[in-house]
Amino acid sequence: MPKKRSGGGLSPTQQAAKFLGVSVLAGAVLAGIALPAVGALGLTAKGSVESFDELPANLKTPPLSQRTSILDAEGGQIATVYSRDRTVVNLKDISPYMQKAIVAIEDSRYYQHGAVDLKGILRALNKNAQSGGVSQGASTLTQQYVKNVFVEEAGDDPTKVAQATQQTLGRKIKELKYAIQVEEELGKKKILENYLNITFFGEQAYGVEAAAERYFSKHAKDLNLQESALLAGIVQSPTRYDPVNDEAEATKRRNTVLQRMADMGDISQAEADKAGKTPLGLNPSKPKNGCITAVKGAGFFCDYVREVFLNDPVFGKTKEARAKVWNQGGLTIRTTLDPQAQESAQASIKDHVYKSDDVATAATIVEPGTGRILAMGQSRPYGFRKHETQINLSVDQSAGGGAGYQTGSTFKPIVAAAALEGGTPATQSYSSPYAMAYPSPVSICDGKEWRTDPNNPAKLTNENTEEHGPYSMKQATAKSVNTYYVQLISDIGICPVVDMAKKMGVERADGGKMQQAPSIALGTQEMSPLTMANAYATFASRGMYCTPVAIESITQTVGSQKKSLAVPKSTCSRAMSEKTADTVSTLLKGVVEDGTGQQAGLGSRPSAGKTGTTDNRYAAWFVGYTPNMAGAVWVGDPTHKRRMVNISIGGTWNAKVYGGQVPGPIWRDMMSGALDGKPVEDFNLVDIPDGDKGKGHGHGHDDGNNGDNGGNANGGLLGGLTDGGTDGGNTDGGTFPTPTFSIPSNLFQGQNGGNANGNGGRRG
């Protein structure tokens with residue numbers, strides 16, 4: 001509040017301010033701005049006083065925006081992000097040379113005058129009158145600080161910035177009144193400290209600490225005489241005196257500061273002369289702002305953390321409120337990222353898929369029972385150049401990802417879990433013929449039914465003609481038998497599967513509803529790798545689903561004060577019984593040991609998982625887990641255009657890509673490194689008698705019906721729900737099958753042309 005005398009009148013300082021408001025402001029001679037005559041402004045002395053009195057008495061100083069540090073689970077730095085690269089430091093942590101240099105060149109009478117330097121104004125008036133223009137200013141350091149506060153408050157809004165810096169008498173009046181207030185409340189040393197922390201030094205550096213790091217790769221407290229003079233000289237015009245881009249101009253300006261310091265008695269003339277002969281001595285550090293600078297390939301995880309912060313109500317009720325906190329910065333965010341797991345994931349990705357390949361891969365690891373995201377990487381780096389992308393291929397569209405990818409046969413364990421939870425025995429067998437029509441009708445949610453066209457029933461097939469039942473659930477899972485799982489979902493109904501998927505956090509990556517047709521058993525819906533990794537973590541944690549989390553803790557620094565912010569916590573709920581989860585683990589252990597996922601095995605460490613390959617080989621998957629980690633690997637073309645046939649991936653030629661062939665080894669190497677040194681844990685297996693269910697034929701391959709030469713299998717551009725043609729064979733009908741029936745509208749669920757669903761995920 002303004003200080004008043006006991007009689008209610010203004011203090012001497014305020015009386016002086018009012019006098020200046022009349023004589024100086026009304027005379028339009030403030031701070032080196034050239035203004036027309038008072039009459040032209042229409043401004044009288046009386047009007048100036050009234051305007052001055054009407055201004056609010058308190059300057060609202062916003063917290064200075066600072067850099068935010070994003071750390072891994074062990075405290076290692078992943079990246080720094082900021083709207084202003086600034087680290088606030090105390091005056092004692094700023095070199096005395098720097099303090100003297102900035103005062104000498106910006107306001108040499110700083111310690112002799114108050115908020116306004118009347119002598120300086122008169123000197124500037126005389127100089128400007130002689131030159132016929134504006135050759136010298138008279139703003140004090142305190143006034144400059146106030147102006148910087150206005151600019152800081154404007155943030156990145158160009159309109160507000162323009163208003164904060166406009167050369168008008170009104171702004172100068174406002175600046176003066178607040179300068180008087182600041183002088184009274186803070187004192188000279190605190191104003192100097194604040195000024196050195198707020199002002200812009202060019203090259204994205206705000207504040208002297210960031211400037212010292214940017215130009216000299218050292219702390220502000222360690223700046224020597226010539227370095228301090230250089231930085232002090234930049235402030236007047238950061239572009240003109242930028243030493244990185246114009247060394248000669250910056251040197252002249254530095255030497256001007258040195259001479260000014262000598263004139264003021266801060267240093268001797270000999271010291272000034274000696275320092276002026278030295279080179280600039282730059283040792284610049286590259287600005288490291290944003291997730292593009294993240295280490296260990298964690299740029300997309302960094303971006304995911306940002307998306308979580310900007311979208312979770314825990315950090316603010318509105319998106320605007322959350323963005324304000326993020327842009328203000330000063331946050332230290334410790335995340336769940338495990339450096340060992342992240343390094344292993346990125347190394348495996350690099351070994352198996354090149355960033356220049358026609359297709360990409362994305363991989364995610366989650367900790368069962370906690371939802372903690374341990375690793376997230378992809379083959380196409382975070383960036384803007386060729387073979388780089390800003391799209392996080394591991395997450396949902398709402399979190400900065402794409403529309404997702406069909407999961408193929410990796411969805412089958414969810415069908416199995418729904419059936420087991422509903423009472424279907426693990427010994428259940430079906431005829432599982434090589435080819436069959438989709439059963440109809442099949443119950444769906446809300447008491448409704450799905451039906452196919454009785455005149456042109458949709459059909460599906462297994463991998464090859466040798467593959468026919470009867471099969472038990474154990475055999476059908478190991479061999480990824482399509483007809484078994486369609487018979488199973490037709491028996492139990494689609495709604496239990498949709499409900500189980502929801503309990504396991506399985507949702508479409510584009511945010512759409514899970515579409516209800518028997519073909520979902522074959523993985524026709526598009527999901528993200530994070531979704532699938534976390535879903536399988538439910539099996540690993542014996543039926544407990546935990547929402548994924550990326551942030552462990554956040555500390556916010558405002559000025560010299562630190563406080564902890566609330567962060568989103570994982571919420572865990574039981575998705576299925578322990579017996580169901582253990583049974584699924586037993587089934588999926590068989591996939592790795594004797595089925596389509598053998599190339600993904602971890603040797604002596606128990607593991608379980610499922611392969612998946614989609615229609616026309618637009619995507620291939622391996623999703624698996626141990627009791628202490630769950631991971632998902634997807635390989636494919638994010639644009640759903642390049643089929644993975646006759647293709648080189650990671651320098652290896654592939655006639656056809658299978659889920660166990662390319663994603664499987666990526667998963668194996670990723671998990672081996674991530675688990676190195678971790679306890680070897682086993683599953684709680686259940687006994688699933690084979691009985692006489694071993695009559696099925698065929699070896700089971702993870703390429704399903706996805707051949708290339710026509711045939712009577714499903715697939716093609718219509719998502720594998722049509723008959724592929726009339727020529728013999730065990731393929732998916734090729735790229736352009738000849739349909740022999742019309743597709744029911746409630747069967748067609750594809751979202752991206754050729755990778756629409758139907759016969760679906762193929763094998764594995």
# chains A, B, ... in the order shown; residues from 1 in each chain; ligands from 1
call {"tool": "select_by_dssp", "arguments": {"residues": "region 231-386 of chain A", "states": "strand (DSSP E)", "output": "PDB file with all heavy atoms, in the first residue's frame"}}
result
ATOM      1  N   LEU A 331       9.570 -26.179 -13.125  1.00  0.00           N
ATOM      2  CA  LEU A 331       9.142 -27.481 -12.637  1.00  0.00           C
ATOM      3  C   LEU A 331      10.294 -28.484 -12.715  1.00  0.00           C
ATOM      4  O   LEU A 331      11.068 -28.486 -13.670  1.00  0.00           O
ATOM      5  CB  LEU A 331       7.968 -28.011 -13.457  1.00  0.00           C
ATOM      6  CG  LEU A 331       6.756 -27.088 -13.621  1.00  0.00           C
ATOM      7  CD1 LEU A 331       5.753 -27.709 -14.581  1.00  0.00           C
ATOM      8  CD2 LEU A 331       6.109 -26.806 -12.273  1.00  0.00           C
ATOM      9  N   THR A 332      10.381 -29.319 -11.730  1.00  0.00           N
ATOM     10  CA  THR A 332      11.268 -30.479 -11.787  1.00  0.00           C
ATOM     11  C   THR A 332      10.366 -31.704 -11.763  1.00  0.00           C
ATOM     12  O   THR A 332       9.735 -31.996 -10.741  1.00  0.00           O
ATOM     13  CB  THR A 332      12.241 -30.507 -10.596  1.00  0.00           C
ATOM     14  OG1 THR A 332      13.042 -29.321 -10.621  1.00  0.00           O
ATOM     15  CG2 THR A 332      13.156 -31.720 -10.680  1.00  0.00           C
ATOM     16  N   ILE A 333      10.281 -32.369 -12.915  1.00  0.00           N
ATOM     17  CA  ILE A 333       9.339 -33.478 -13.079  1.00  0.00           C
ATOM     18  C   ILE A 333      10.109 -34.788 -13.072  1.00  0.00           C
ATOM     19  O   ILE A 333      10.869 -35.091 -13.994  1.00  0.00           O
ATOM     20  CB  ILE A 333       8.559 -33.342 -14.397  1.00  0.00           C
ATOM     21  CG1 ILE A 333       7.829 -31.996 -14.444  1.00  0.00           C
ATOM     22  CG2 ILE A 333       7.578 -34.492 -14.557  1.00  0.00           C
ATOM     23  CD1 ILE A 333       7.129 -31.730 -15.764  1.00  0.00           C
ATOM     24  N   ARG A 334       9.929 -35.556 -12.023  1.00  0.00           N
ATOM     25  CA  ARG A 334      10.540 -36.893 -11.981  1.00  0.00           C
ATOM     26  C   ARG A 334       9.534 -37.890 -12.541  1.00  0.00           C
ATOM     27  O   ARG A 334       8.400 -37.968 -12.068  1.00  0.00           O
ATOM     28  CB  ARG A 334      10.939 -37.286 -10.562  1.00  0.00           C
ATOM     29  CG  ARG A 334      11.706 -38.625 -10.500  1.00  0.00           C
ATOM     30  CD  ARG A 334      12.129 -38.943  -9.085  1.00  0.00           C
ATOM     31  NE  ARG A 334      13.215 -38.098  -8.638  1.00  0.00           N
ATOM     32  CZ  ARG A 334      14.486 -38.519  -8.523  1.00  0.00           C
ATOM     33  NH1 ARG A 334      14.808 -39.738  -8.850  1.00  0.00           N
ATOM     34  NH2 ARG A 334      15.417 -37.688  -8.097  1.00  0.00           N
ATOM     35  N   THR A 335       9.961 -38.617 -13.549  1.00  0.00           N
ATOM     36  CA  THR A 335       9.057 -39.516 -14.251  1.00  0.00           C
ATOM     37  C   THR A 335       9.302 -40.971 -13.861  1.00  0.00           C
ATOM     38  O   THR A 335      10.182 -41.289 -13.058  1.00  0.00           O
ATOM     39  CB  THR A 335       9.237 -39.376 -15.777  1.00  0.00           C
ATOM     40  OG1 THR A 335      10.512 -39.933 -16.152  1.00  0.00           O
ATOM     41  CG2 THR A 335       9.154 -37.923 -16.201  1.00  0.00           C
ATOM     42  N   ALA A 360       7.998 -48.578 -39.795  1.00  0.00           N
ATOM     43  CA  ALA A 360       8.541 -48.124 -38.507  1.00  0.00           C
ATOM     44  C   ALA A 360       8.195 -49.137 -37.427  1.00  0.00           C
ATOM     45  O   ALA A 360       7.395 -50.052 -37.633  1.00  0.00           O
ATOM     46  CB  ALA A 360       7.975 -46.753 -38.150  1.00  0.00           C
ATOM     47  N   THR A 361       8.790 -48.941 -36.270  1.00  0.00           N
ATOM     48  CA  THR A 361       8.416 -49.741 -35.105  1.00  0.00           C
ATOM     49  C   THR A 361       8.268 -48.833 -33.900  1.00  0.00           C
ATOM     50  O   THR A 361       8.914 -47.785 -33.819  1.00  0.00           O
ATOM     51  CB  THR A 361       9.450 -50.844 -34.806  1.00  0.00           C
ATOM     52  OG1 THR A 361       8.955 -51.682 -33.750  1.00  0.00           O
ATOM     53  CG2 THR A 361      10.782 -50.266 -34.368  1.00  0.00           C
ATOM     54  N   ALA A 362       7.412 -49.235 -32.985  1.00  0.00           N
ATOM     55  CA  ALA A 362       7.234 -48.526 -31.715  1.00  0.00           C
ATOM     56  C   ALA A 362       7.124 -49.564 -30.618  1.00  0.00           C
ATOM     57  O   ALA A 362       6.532 -50.636 -30.816  1.00  0.00           O
ATOM     58  CB  ALA A 362       5.986 -47.648 -31.751  1.00  0.00           C
ATOM     59  N   ALA A 363       7.711 -49.266 -29.470  1.00  0.00           N
ATOM     60  CA  ALA A 363       7.741 -50.225 -28.369  1.00  0.00           C
ATOM     61  C   ALA A 363       7.531 -49.515 -27.043  1.00  0.00           C
ATOM     62  O   ALA A 363       8.012 -48.404 -26.840  1.00  0.00           O
ATOM     63  CB  ALA A 363       9.075 -50.968 -28.354  1.00  0.00           C
ATOM     64  N   THR A 364       6.826 -50.186 -26.152  1.00  0.00           N
ATOM     65  CA  THR A 364       6.538 -49.629 -24.829  1.00  0.00           C
ATOM     66  C   THR A 364       6.643 -50.731 -23.780  1.00  0.00           C
ATOM     67  O   THR A 364       6.238 -51.867 -24.032  1.00  0.00           O
ATOM     68  CB  THR A 364       5.126 -49.022 -24.784  1.00  0.00           C
ATOM     69  OG1 THR A 364       5.016 -48.002 -25.774  1.00  0.00           O
ATOM     70  CG2 THR A 364       4.828 -48.412 -23.430  1.00  0.00           C
ATOM     71  N   ILE A 365       7.185 -50.397 -22.615  1.00  0.00           N
ATOM     72  CA  ILE A 365       7.251 -51.330 -21.485  1.00  0.00           C
ATOM     73  C   ILE A 365       6.532 -50.715 -20.294  1.00  0.00           C
ATOM     74  O   ILE A 365       6.708 -49.533 -19.993  1.00  0.00           O
ATOM     75  CB  ILE A 365       8.708 -51.641 -21.087  1.00  0.00           C
ATOM     76  CG1 ILE A 365       9.483 -52.256 -22.255  1.00  0.00           C
ATOM     77  CG2 ILE A 365       8.746 -52.599 -19.895  1.00  0.00           C
ATOM     78  CD1 ILE A 365      10.954 -52.505 -21.946  1.00  0.00           C
ATOM     79  N   VAL A 366       5.724 -51.529 -19.616  1.00  0.00           N
ATOM     80  CA  VAL A 366       4.949 -51.089 -18.457  1.00  0.00           C
ATOM     81  C   VAL A 366       5.219 -52.042 -17.295  1.00  0.00           C
ATOM     82  O   VAL A 366       5.454 -53.241 -17.500  1.00  0.00           O
ATOM     83  CB  VAL A 366       3.440 -51.073 -18.801  1.00  0.00           C
ATOM     84  CG1 VAL A 366       2.600 -50.774 -17.571  1.00  0.00           C
ATOM     85  CG2 VAL A 366       3.153 -50.058 -19.889  1.00  0.00           C
ATOM     86  N   ILE A 373       5.067 -46.464 -16.585  1.00  0.00           N
ATOM     87  CA  ILE A 373       5.637 -46.624 -17.919  1.00  0.00           C
ATOM     88  C   ILE A 373       7.154 -46.593 -17.776  1.00  0.00           C
ATOM     89  O   ILE A 373       7.738 -45.591 -17.347  1.00  0.00           O
ATOM     90  CB  ILE A 373       5.156 -45.510 -18.863  1.00  0.00           C
ATOM     91  CG1 ILE A 373       3.628 -45.523 -18.955  1.00  0.00           C
ATOM     92  CG2 ILE A 373       5.769 -45.677 -20.252  1.00  0.00           C
ATOM     93  CD1 ILE A 373       3.051 -44.323 -19.701  1.00  0.00           C
ATOM     94  N   LEU A 374       7.804 -47.690 -18.154  1.00  0.00           N
ATOM     95  CA  LEU A 374       9.244 -47.829 -17.950  1.00  0.00           C
ATOM     96  C   LEU A 374      10.057 -47.463 -19.182  1.00  0.00           C
ATOM     97  O   LEU A 374      11.218 -47.069 -19.065  1.00  0.00           O
ATOM     98  CB  LEU A 374       9.574 -49.267 -17.533  1.00  0.00           C
ATOM     99  CG  LEU A 374       8.844 -49.805 -16.290  1.00  0.00           C
ATOM    100  CD1 LEU A 374       9.279 -51.240 -16.013  1.00  0.00           C
ATOM    101  CD2 LEU A 374       9.116 -48.920 -15.082  1.00  0.00           C
ATOM    102  N   ALA A 375       9.481 -47.615 -20.356  1.00  0.00           N
ATOM    103  CA  ALA A 375      10.217 -47.318 -21.589  1.00  0.00           C
ATOM    104  C   ALA A 375       9.223 -47.014 -22.701  1.00  0.00           C
ATOM    105  O   ALA A 375       8.108 -47.529 -22.713  1.00  0.00           O
ATOM    106  CB  ALA A 375      11.114 -48.484 -21.988  1.00  0.00           C
ATOM    107  N   MET A 376       9.666 -46.153 -23.627  1.00  0.00           N
ATOM    108  CA  MET A 376       8.825 -45.800 -24.770  1.00  0.00           C
ATOM    109  C   MET A 376       9.748 -45.309 -25.886  1.00  0.00           C
ATOM    110  O   MET A 376      10.461 -44.314 -25.712  1.00  0.00           O
ATOM    111  CB  MET A 376       7.816 -44.714 -24.385  1.00  0.00           C
ATOM    112  CG  MET A 376       6.868 -44.298 -25.503  1.00  0.00           C
ATOM    113  SD  MET A 376       5.728 -42.971 -24.962  1.00  0.00           S
ATOM    114  CE  MET A 376       4.665 -43.891 -23.824  1.00  0.00           C
ATOM    115  N   GLY A 377       9.772 -46.014 -26.985  1.00  0.00           N
ATOM    116  CA  GLY A 377      10.665 -45.615 -28.065  1.00  0.00           C
ATOM    117  C   GLY A 377      10.127 -45.998 -29.422  1.00  0.00           C
ATOM    118  O   GLY A 377       9.174 -46.782 -29.541  1.00  0.00           O
ATOM    119  N   GLN A 378      10.743 -45.482 -30.463  1.00  0.00           N
ATOM    120  CA  GLN A 378      10.358 -45.822 -31.828  1.00  0.00           C
ATOM    121  C   GLN A 378      11.525 -45.586 -32.767  1.00  0.00           C
ATOM    122  O   GLN A 378      12.483 -44.890 -32.442  1.00  0.00           O
ATOM    123  CB  GLN A 378       9.129 -45.038 -32.261  1.00  0.00           C
ATOM    124  CG  GLN A 378       9.264 -43.533 -32.274  1.00  0.00           C
ATOM    125  CD  GLN A 378       7.911 -42.840 -32.453  1.00  0.00           C
ATOM    126  OE1 GLN A 378       6.990 -43.063 -31.678  1.00  0.00           O
ATOM    127  NE2 GLN A 378       7.799 -42.018 -33.478  1.00  0.00           N
TER     128      GLN A 378
END
call {"tool": "residues_around", "arguments": {"residues": "Gln397 (chain A)", "least_positions_apart": "2", "cutoff": "10 Å", "atoms": "only C-alpha atoms", "output": "PyMOL selection string"}}
result
chain A and resi 391-395+399-404+508-511+527-528
call {"tool": "closest_residue", "arguments": {"among": "A:Gly636, A:Pro518, A:Pro496, A:Gly609", "to": "Val623 (chain A)", "atoms": "only C-alpha atoms"}}
result
A:Gly609
call {"tool": "closest_residue", "arguments": {"among": "A:Val182, A:Ala210, A:Ala73, A:Val442", "to": "Asp85 (chain A)", "atoms": "only C-alpha atoms"}}
result
A:Ala210
call {"tool": "closest_residue", "arguments": {"among": "A:Arg306, A:Arg254, A:Lys177, A:Arg109", "to": "Leu141 (chain A)", "atoms": "only C-alpha atoms"}}
result
A:Arg109
call {"tool": "residues_around", "arguments": {"residues": "Gly493 (chain A)", "least_positions_apart": "4", "cutoff": "8 Å", "atoms": "only C-alpha atoms", "output": "list in words"}}
result
Val442, Ser443, Ile444, Ile489 and Val497 of chain A
call {"tool": "write_last_selection", "arguments": {"atoms": "N, CA, C and O atoms", "output": "mmCIF file, in the first residue's frame"}}
result
data_model
loop_
_atom_site.group_PDB
_atom_site.id
_atom_site.type_symbol
_atom_site.label_atom_id
_atom_site.label_comp_id
_atom_site.auth_asym_id
_atom_site.auth_seq_id
_atom_site.Cartn_x
_atom_site.Cartn_y
_atom_site.Cartn_z
ATOM 1 N N VAL A 442 -25.228 -63.581 -33.480
ATOM 2 C CA VAL A 442 -24.347 -63.556 -32.316
ATOM 3 C C VAL A 442 -24.807 -62.404 -31.423
ATOM 4 O O VAL A 442 -25.031 -61.288 -31.910
ATOM 5 N N SER A 443 -24.941 -62.673 -30.139
ATOM 6 C CA SER A 443 -25.441 -61.643 -29.230
ATOM 7 C C SER A 443 -24.401 -60.541 -29.038
ATOM 8 O O SER A 443 -23.202 -60.798 -28.975
ATOM 9 N N ILE A 444 -24.883 -59.293 -28.953
ATOM 10 C CA ILE A 444 -24.035 -58.147 -28.658
ATOM 11 C C ILE A 444 -24.629 -57.421 -27.457
ATOM 12 O O ILE A 444 -25.578 -57.900 -26.838
ATOM 13 N N ILE A 489 -16.066 -66.741 -29.573
ATOM 14 C CA ILE A 489 -16.760 -65.477 -29.334
ATOM 15 C C ILE A 489 -18.227 -65.574 -29.721
ATOM 16 O O ILE A 489 -19.086 -64.915 -29.124
ATOM 17 N N VAL A 497 -16.752 -59.778 -24.220
ATOM 18 C CA VAL A 497 -15.418 -59.436 -24.719
ATOM 19 C C VAL A 497 -15.205 -57.925 -24.661
ATOM 20 O O VAL A 497 -14.153 -57.442 -24.237
#
call {"tool": "atom_distance", "arguments": {"atom1": "CA of Thr557 (chain A)", "atom2": "CA of Pro284 (chain A)"}}
result
26.3 Å
